[in-house]
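Colleague: File final_10.tsv follows (TSV, C-alpha atoms):
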```tsv
chain	number	residue	atom	x	y	z
H	244	MET	CA	-10.30	-41.81	-13.73
H	245	THR	CA	-10.54	-38.06	-13.31
H	246	PRO	CA	-11.52	-36.27	-16.53
H	247	PRO	CA	-9.03	-33.67	-17.80
H	248	ARG	CA	-9.73	-30.10	-16.74
H	249	ARG	CA	-11.19	-27.97	-19.48
H	250	PRO	CA	-8.96	-25.09	-20.60
H	251	ARG	CA	-9.92	-21.67	-19.34
H	252	GLY	CA	-11.14	-19.19	-21.93
H	253	LEU	CA	-10.37	-15.53	-22.32
H	254	PHE	CA	-13.93	-14.58	-21.40
H	255	THR	CA	-13.66	-16.49	-18.12
H	256	ASP	CA	-10.40	-14.78	-17.24
H	257	LEU	CA	-11.83	-11.35	-18.04
H	258	THR	CA	-15.02	-11.81	-16.07
H	259	GLU	CA	-13.16	-13.19	-13.07
H	260	GLY	CA	-10.73	-10.27	-13.22
H	261	VAL	CA	-13.52	-7.69	-13.38
H	262	TYR	CA	-15.32	-9.38	-10.49
H	263	TRP	CA	-12.15	-9.52	-8.39
H	264	PHE	CA	-11.26	-5.86	-8.94
H	265	LEU	CA	-14.79	-4.66	-8.22
H	266	VAL	CA	-15.08	-6.64	-4.99
H	267	LEU	CA	-11.63	-5.62	-3.80
H	268	ASP	CA	-12.41	-2.00	-4.61
H	269	LEU	CA	-15.58	-2.24	-2.54
H	270	MET	CA	-13.69	-3.72	0.41
H	271	LEU	CA	-11.03	-1.01	0.22
H	272	VAL	CA	-13.65	1.73	0.10
H	273	LEU	CA	-15.49	0.29	3.11
H	274	ALA	CA	-12.25	0.11	5.07
H	275	ALA	CA	-11.46	3.72	4.07
H	276	VAL	CA	-14.81	5.21	5.13
H	277	PRO	CA	-13.35	6.95	8.24
H	278	THR	CA	-10.62	8.52	6.10
H	279	ILE	CA	-13.04	9.62	3.39
H	280	LEU	CA	-15.36	11.23	5.93
H	281	LEU	CA	-12.50	13.14	7.54
H	282	TRP	CA	-11.21	14.32	4.17
H	283	THR	CA	-14.59	15.80	3.28
H	284	VAL	CA	-14.60	18.17	6.27
H	285	MET	CA	-11.00	19.39	6.13
H	286	SER	CA	-10.06	22.88	5.06
H	287	PRO	CA	-6.95	23.86	3.06
H	288	GLY	CA	-3.86	25.18	4.77
H	289	PRO	CA	-0.85	23.85	6.67
H	290	LEU	CA	-2.92	22.31	9.47
H	291	GLY	CA	-5.32	20.86	6.93
H	292	ALA	CA	-2.41	19.24	5.06
H	293	LEU	CA	-1.12	17.69	8.27
H	294	LEU	CA	-4.54	16.34	9.22
H	295	PHE	CA	-5.12	15.15	5.65
H	296	VAL	CA	-2.13	12.82	5.96
H	297	VAL	CA	-2.91	11.74	9.52
H	298	ALA	CA	-6.47	10.90	8.47
H	299	ALA	CA	-5.02	8.23	6.18
H	300	LEU	CA	-4.17	6.06	9.20
H	301	PRO	CA	-7.10	3.64	8.58
H	302	LEU	CA	-5.73	3.07	5.09
H	303	LEU	CA	-2.64	1.28	6.44
H	304	PRO	CA	-4.30	-2.02	7.42
H	305	ALA	CA	-6.59	-1.75	4.40
H	306	LEU	CA	-3.60	-1.53	2.06
H	307	ALA	CA	-1.90	-4.49	3.74
H	308	ALA	CA	-5.11	-6.50	3.43
H	309	GLY	CA	-5.42	-5.55	-0.23
H	310	LEU	CA	-1.88	-6.75	-0.91
H	311	TYR	CA	-2.67	-10.00	0.87
H	312	ALA	CA	-5.74	-10.49	-1.32
H	313	CYS	CA	-3.71	-9.81	-4.47
H	314	ARG	CA	-1.26	-12.55	-3.58
H	315	SER	CA	-4.04	-15.02	-2.82
H	316	TRP	CA	-5.62	-14.37	-6.21
H	317	ARG	CA	-2.55	-14.37	-8.44
H	318	GLU	CA	-0.40	-16.96	-6.68
H	319	GLU	CA	-2.95	-19.31	-5.16
H	320	ARG	CA	-5.74	-18.69	-7.71
H	321	GLU	CA	-8.35	-18.15	-5.00
H	322	LEU	CA	-11.23	-16.11	-6.38
H	323	ILE	CA	-12.64	-15.10	-2.99
H	324	PRO	CA	-11.50	-11.47	-2.70
H	325	ALA	CA	-13.77	-10.41	0.16
H	326	ARG	CA	-12.80	-13.38	2.34
H	327	GLN	CA	-9.10	-12.98	1.59
H	328	PHE	CA	-9.24	-9.24	2.25
H	329	LEU	CA	-10.87	-9.81	5.63
H	330	ARG	CA	-8.37	-12.52	6.48
H	331	GLY	CA	-5.47	-10.30	5.48
H	332	TYR	CA	-6.95	-7.46	7.54
H	333	ARG	CA	-7.20	-9.70	10.60
H	334	LEU	CA	-3.67	-11.06	10.22
H	335	ASN	CA	-1.84	-7.87	9.34
H	336	ALA	CA	-3.75	-4.88	10.76
H	337	LEU	CA	-1.69	-4.54	13.94
H	338	ASP	CA	1.68	-4.91	12.22
H	339	ALA	CA	0.60	-2.52	9.46
H	340	LEU	CA	-0.21	0.14	12.04
H	341	LYS	CA	3.02	-0.46	13.93
H	342	VAL	CA	5.30	-0.13	10.91
H	343	GLY	CA	3.26	2.48	9.05
H	344	THR	CA	2.26	4.98	11.72
H	345	PRO	CA	5.76	6.46	12.30
H	346	ALA	CA	6.29	6.95	8.56
H	347	LEU	CA	2.83	8.48	8.21
H	348	LEU	CA	3.54	10.97	11.00
H	349	VAL	CA	6.81	11.97	9.34
H	350	MET	CA	4.91	12.53	6.09
H	351	ALA	CA	2.34	14.65	7.96
H	352	LEU	CA	5.02	16.87	9.46
H	353	ALA	CA	6.70	17.23	6.07
H	354	ALA	CA	3.36	18.21	4.47
H	355	PHE	CA	2.73	20.74	7.24
H	356	ASN	CA	6.09	22.43	6.77
H	357	LEU	CA	5.84	22.41	2.97
H	358	THR	CA	2.44	24.07	2.93
H	359	ARG	CA	3.38	26.54	5.67
H	360	SER	CA	6.08	28.14	3.52
H	361	SER	CA	5.06	31.48	1.97
H	362	SER	CA	7.96	31.72	-0.51
H	363	PRO	CA	7.00	31.29	-4.19
H	364	GLY	CA	9.70	28.70	-4.90
H	365	LEU	CA	11.32	25.79	-3.13
H	366	GLY	CA	14.10	26.84	-0.79
H	367	ALA	CA	16.62	24.58	0.87
H	368	GLY	CA	14.27	23.92	3.78
H	369	GLU	CA	11.35	23.01	1.55
H	370	ILE	CA	13.52	20.69	-0.53
H	371	ALA	CA	14.72	18.97	2.64
H	372	PHE	CA	11.14	18.43	3.84
H	373	LEU	CA	10.17	17.16	0.39
H	374	VAL	CA	12.99	14.61	0.43
H	375	VAL	CA	12.04	13.51	3.94
H	376	GLY	CA	8.41	13.13	2.93
H	377	VAL	CA	9.27	11.07	-0.15
H	378	ALA	CA	11.61	8.84	1.87
H	379	ALA	CA	8.88	8.30	4.47
H	380	LEU	CA	6.42	7.37	1.71
H	381	LEU	CA	8.84	4.79	0.30
H	382	VAL	CA	9.41	3.31	3.74
H	383	LEU	CA	5.67	3.19	4.36
H	384	LEU	CA	4.83	1.36	1.13
H	385	ARG	CA	7.72	-1.11	1.37
H	386	ALA	CA	7.04	-1.87	5.05
H	387	LEU	CA	3.36	-2.54	4.36
H	388	SER	CA	4.33	-4.80	1.48
H	389	ILE	CA	6.62	-6.80	3.75
H	390	VAL	CA	4.19	-7.21	6.66
H	391	SER	CA	1.39	-8.20	4.27
H	392	ARG	CA	3.44	-11.22	3.19
H	393	PHE	CA	5.74	-12.12	6.08
H	394	SER	CA	5.39	-12.37	9.85
H	395	PHE	CA	8.72	-10.80	10.72
H	396	ARG	CA	9.02	-8.88	13.95
H	397	VAL	CA	8.27	-5.20	13.50
H	398	ARG	CA	11.85	-4.05	14.02
H	399	ASP	CA	13.10	-6.71	11.59
H	400	ALA	CA	10.48	-5.63	9.04
H	401	LEU	CA	11.72	-2.03	9.31
H	402	ARG	CA	15.34	-3.12	8.92
H	403	LEU	CA	14.47	-5.18	5.87
H	404	THR	CA	12.55	-2.20	4.52
H	405	ALA	CA	15.67	-0.05	4.60
H	406	PHE	CA	17.77	-2.89	3.19
H	407	THR	CA	15.50	-3.64	0.25
H	408	LEU	CA	15.02	0.02	-0.63
H	409	LEU	CA	18.77	0.17	-1.23
H	410	VAL	CA	19.43	-3.19	-2.92
H	411	THR	CA	16.38	-3.26	-5.23
H	412	PRO	CA	16.58	0.12	-7.00
H	413	LEU	CA	14.14	-0.78	-9.78
H	414	SER	CA	11.45	-1.79	-7.29
H	415	THR	CA	12.16	1.34	-5.28
H	416	LEU	CA	11.77	3.43	-8.44
H	417	ALA	CA	8.46	1.66	-9.11
H	418	LEU	CA	7.33	2.59	-5.59
H	419	LEU	CA	8.27	6.19	-6.24
H	420	SER	CA	6.38	6.17	-9.53
H	421	LEU	CA	3.23	4.83	-7.86
H	422	GLY	CA	3.53	7.45	-5.14
H	423	VAL	CA	3.86	10.23	-7.71
H	424	LEU	CA	0.90	8.83	-9.65
H	425	THR	CA	-1.28	8.72	-6.54
H	426	LEU	CA	-0.25	12.22	-5.50
H	427	GLY	CA	-0.95	13.46	-9.02
H	428	ILE	CA	-4.45	11.98	-8.88
H	429	VAL	CA	-5.10	13.76	-5.59
H	430	LEU	CA	-3.70	17.14	-6.66
H	431	MET	CA	-4.81	17.26	-10.30
H	432	ILE	CA	-8.20	15.52	-10.14
H	433	GLY	CA	-9.13	15.13	-6.49
H	434	GLU	CA	-9.05	12.56	-3.73
H	435	PHE	CA	-12.57	11.47	-4.68
H	436	LEU	CA	-11.07	9.46	-7.58
H	437	LEU	CA	-8.88	7.34	-5.31
H	438	PRO	CA	-11.73	5.00	-4.24
H	439	VAL	CA	-12.54	4.37	-7.89
H	440	VAL	CA	-9.01	3.23	-8.79
H	441	ALA	CA	-8.02	1.85	-5.37
H	442	SER	CA	-7.93	-1.82	-6.39
H	443	LEU	CA	-5.89	-1.01	-9.52
H	444	LEU	CA	-3.32	0.94	-7.49
H	445	VAL	CA	-3.04	-1.83	-4.90
H	446	PHE	CA	-2.61	-4.46	-7.58
H	447	ALA	CA	0.07	-2.35	-9.28
H	448	LEU	CA	1.85	-2.07	-5.92
H	449	TRP	CA	1.68	-5.82	-5.39
H	450	ALA	CA	3.06	-6.49	-8.88
H	451	SER	CA	5.93	-4.02	-8.46
H	452	GLU	CA	6.89	-5.59	-5.12
H	453	ARG	CA	7.19	-9.18	-6.37
H	454	PRO	CA	11.00	-8.98	-6.86
H	455	VAL	CA	11.36	-7.80	-3.26
H	456	VAL	CA	9.22	-10.69	-2.01
H	457	ARG	CA	11.36	-13.17	-3.96
H	458	LEU	CA	14.53	-11.66	-2.53
H	459	LEU	CA	13.28	-11.86	1.05
H	460	THR	CA	11.95	-15.38	0.55
H	461	GLU	CA	15.28	-16.61	-0.78
H	462	GLN	CA	17.57	-14.85	1.69
H	463	PHE	CA	15.64	-14.36	4.93
H	464	THR	CA	13.14	-17.17	5.33
H	465	THR	CA	13.71	-20.75	6.38
H	466	GLY	CA	10.23	-22.18	5.90
H	467	PRO	CA	6.56	-21.44	5.51
H	468	THR	CA	6.13	-20.54	9.17
H	469	VAL	CA	7.43	-17.02	8.56
H	470	VAL	CA	4.83	-16.26	5.93
H	471	SER	CA	1.76	-14.54	7.28
H	472	ALA	CA	-0.52	-16.45	4.94
H	473	GLU	CA	0.44	-19.64	6.72
H	474	SER	CA	-0.18	-18.22	10.20
```
Would it be possible to restate this file's structure as structure tokens?

Modeller:
Amino acid sequence: MTPPRRPRGLFTDLTEGVYWFLVLDLMLVLAAVPTILLWTVMSPGPLGALLFVVAALPLLPALAAGLYACRSWREERELIPARQFLRGYRLNALDALKVGTPALLVMALAAFNLTRSSSPGLGAGEIAFLVVGVAALLVLLRALSIVSRFSFRVRDALRLTAFTLLVTPLSTLALLSLGVLTLGIVLMIGEFLLPVVASLLVFALWASERPVVRLLTEQFTTGPTVVSAES
């Protein structure tokens, strides 16, 4: 007869949580080393703003891998963050680059045009570029969230990205809030703080995207074969 499992204590949950966040943060920082190095040598200005955004390209597969690790921890209770991050990176890196690169380039062009303007306020053109940049950011985050969980074709993932941005307004608002928070950290404090809070931001993104995952699972999947974790 198997003895009953002992109940988990608060101390155990806290220590496991601290361990998980620290390891995931380390993995994210290691994956972001190329981006961090490029950011340190960039100069301000329109071209610098464009390159600043383009330099974030290595962050796309890292973010998808981080989301994959979050799901493994919270849904499957697997306390192996480094292994799950690497597995998520291997499974989702290519799709993350495919769906995220176009949106990242649009954001780079929007940043270039916004910083190139010499007018003191926001004119019609600047507002248009700002809206385009925000829309591209929302598409980027939602698409990465989808490919980190499902193995849809890239074009289907992009279609579902547009669909879910419209039909899940609360989750879309949460995405916008996280984007504003991240941008505020960069502008008000500095990009050097992002590696420190990277795992917290990724976990917040994963938590805010759970309603979208449930919607897609219920309406657009027919079995476990479409889920990347089962690949």

Colleague: For Asp268 (chain H), which of H:Val397, H:Thr411, H:Leu436, H:Arg457 is the closest residue, counting all atoms listed in the file?

Modeller: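 That would be H:Leu436, the residue with the smallest distance to Asp268 (chain H).
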
Colleague: From the list H:Val456, H:Ala441, H:Leu416, H:Ile432, which residue is nearest Leu387 (chain H) when using only C-alpha atoms?

Modeller: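 Using only C-alpha atoms, the shortest distance to Leu387 (chain H) belongs to H:Val456.
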
Colleague: Expressed in Å to a single decimal, how great is the separation between CA of Gly376 (chain H) and CA of Ala353 (chain H)?

Modeller: 5.4 Å

Colleague: Region 277-292 of chain H: which residues within 7 Å, counting all atoms listed in the file, same-chain residues fewer than 6 positions away excluded, as JSON, numbers by chain?

Modeller: {"H": [298, 299, 301, 354, 355, 358, 359]}

Colleague: Which of these, H:Phe328, H:Ala386, H:Leu373, H:Cys313, has the shortest distance to Thr344 (chain H) once you count only C-alpha atoms?

Modeller: H:Ala386

Colleague: For Pro454 (chain H), work out the shell of residues within 10 Å, counting all atoms listed in the file and skipping chain neighbours fewer than 4 positions away, then give it as a PyMOL selection string.

Modeller: chain H and resi 407+411+413-414+449-450+458-460

Colleague: Let me make sure I understand: among H:Gly260, H:Val349, H:Leu271, H:Lys341, which one has the smallest atom-to-atom distance to Val297 (chain H) if we use only C-alpha atoms?

Modeller: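 Between H:Gly260, H:Val349, H:Leu271, H:Lys341, the residue approaching Val297 (chain H) most closely is H:Val349.
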
Colleague: Between H:Phe463, H:Phe446, H:Phe435, H:Tyr262, which residue has the minimum interatomic distance to Ser394 (chain H), considering all atoms listed in the file?

Modeller: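 Distance minimum relative to Ser394 (chain H) lands on H:Phe463.
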
Colleague: Can you tell me, as a short mmCIF file (atom, residue, chain, number, x, y, z; two decimals) with C-alpha atoms, keeping the file's coordinate frame, what residues are no more than 8 Å from Ala325 (chain H) when counting all atoms listed in the file, ignoring any on the same chain fewer than 2 positions away?

Modeller:
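Here's the written file out_21.cif:
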```cif
data_model
loop_
_atom_site.label_atom_id
_atom_site.label_comp_id
_atom_site.auth_asym_id
_atom_site.auth_seq_id
_atom_site.Cartn_x
_atom_site.Cartn_y
_atom_site.Cartn_z
CA VAL H 266 -15.08 -6.64 -4.99
CA LEU H 267 -11.63 -5.62 -3.80
CA MET H 270 -13.69 -3.72 0.41
CA ILE H 323 -12.64 -15.10 -2.99
CA GLN H 327 -9.10 -12.98 1.59
CA PHE H 328 -9.24 -9.24 2.25
CA LEU H 329 -10.87 -9.81 5.63
#
```

Colleague: Dig up all the protein and nucleic acid residues within 12 Å of (-10.7, -14.2, 1.3) in the file frame, using only C-alpha atoms, and format them as a PyMOL selection string.

Modeller: chain H and resi 263+266-267+270+308-316+319-334+472

Colleague: Which residue is closest to Leu265 (chain H)? Choose from H:Thr415, H:Ser388, H:Ser451, H:Ser442 and count only C-alpha atoms.

Modeller: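 Using only C-alpha atoms, Leu265 (chain H) sits closest to H:Ser442.
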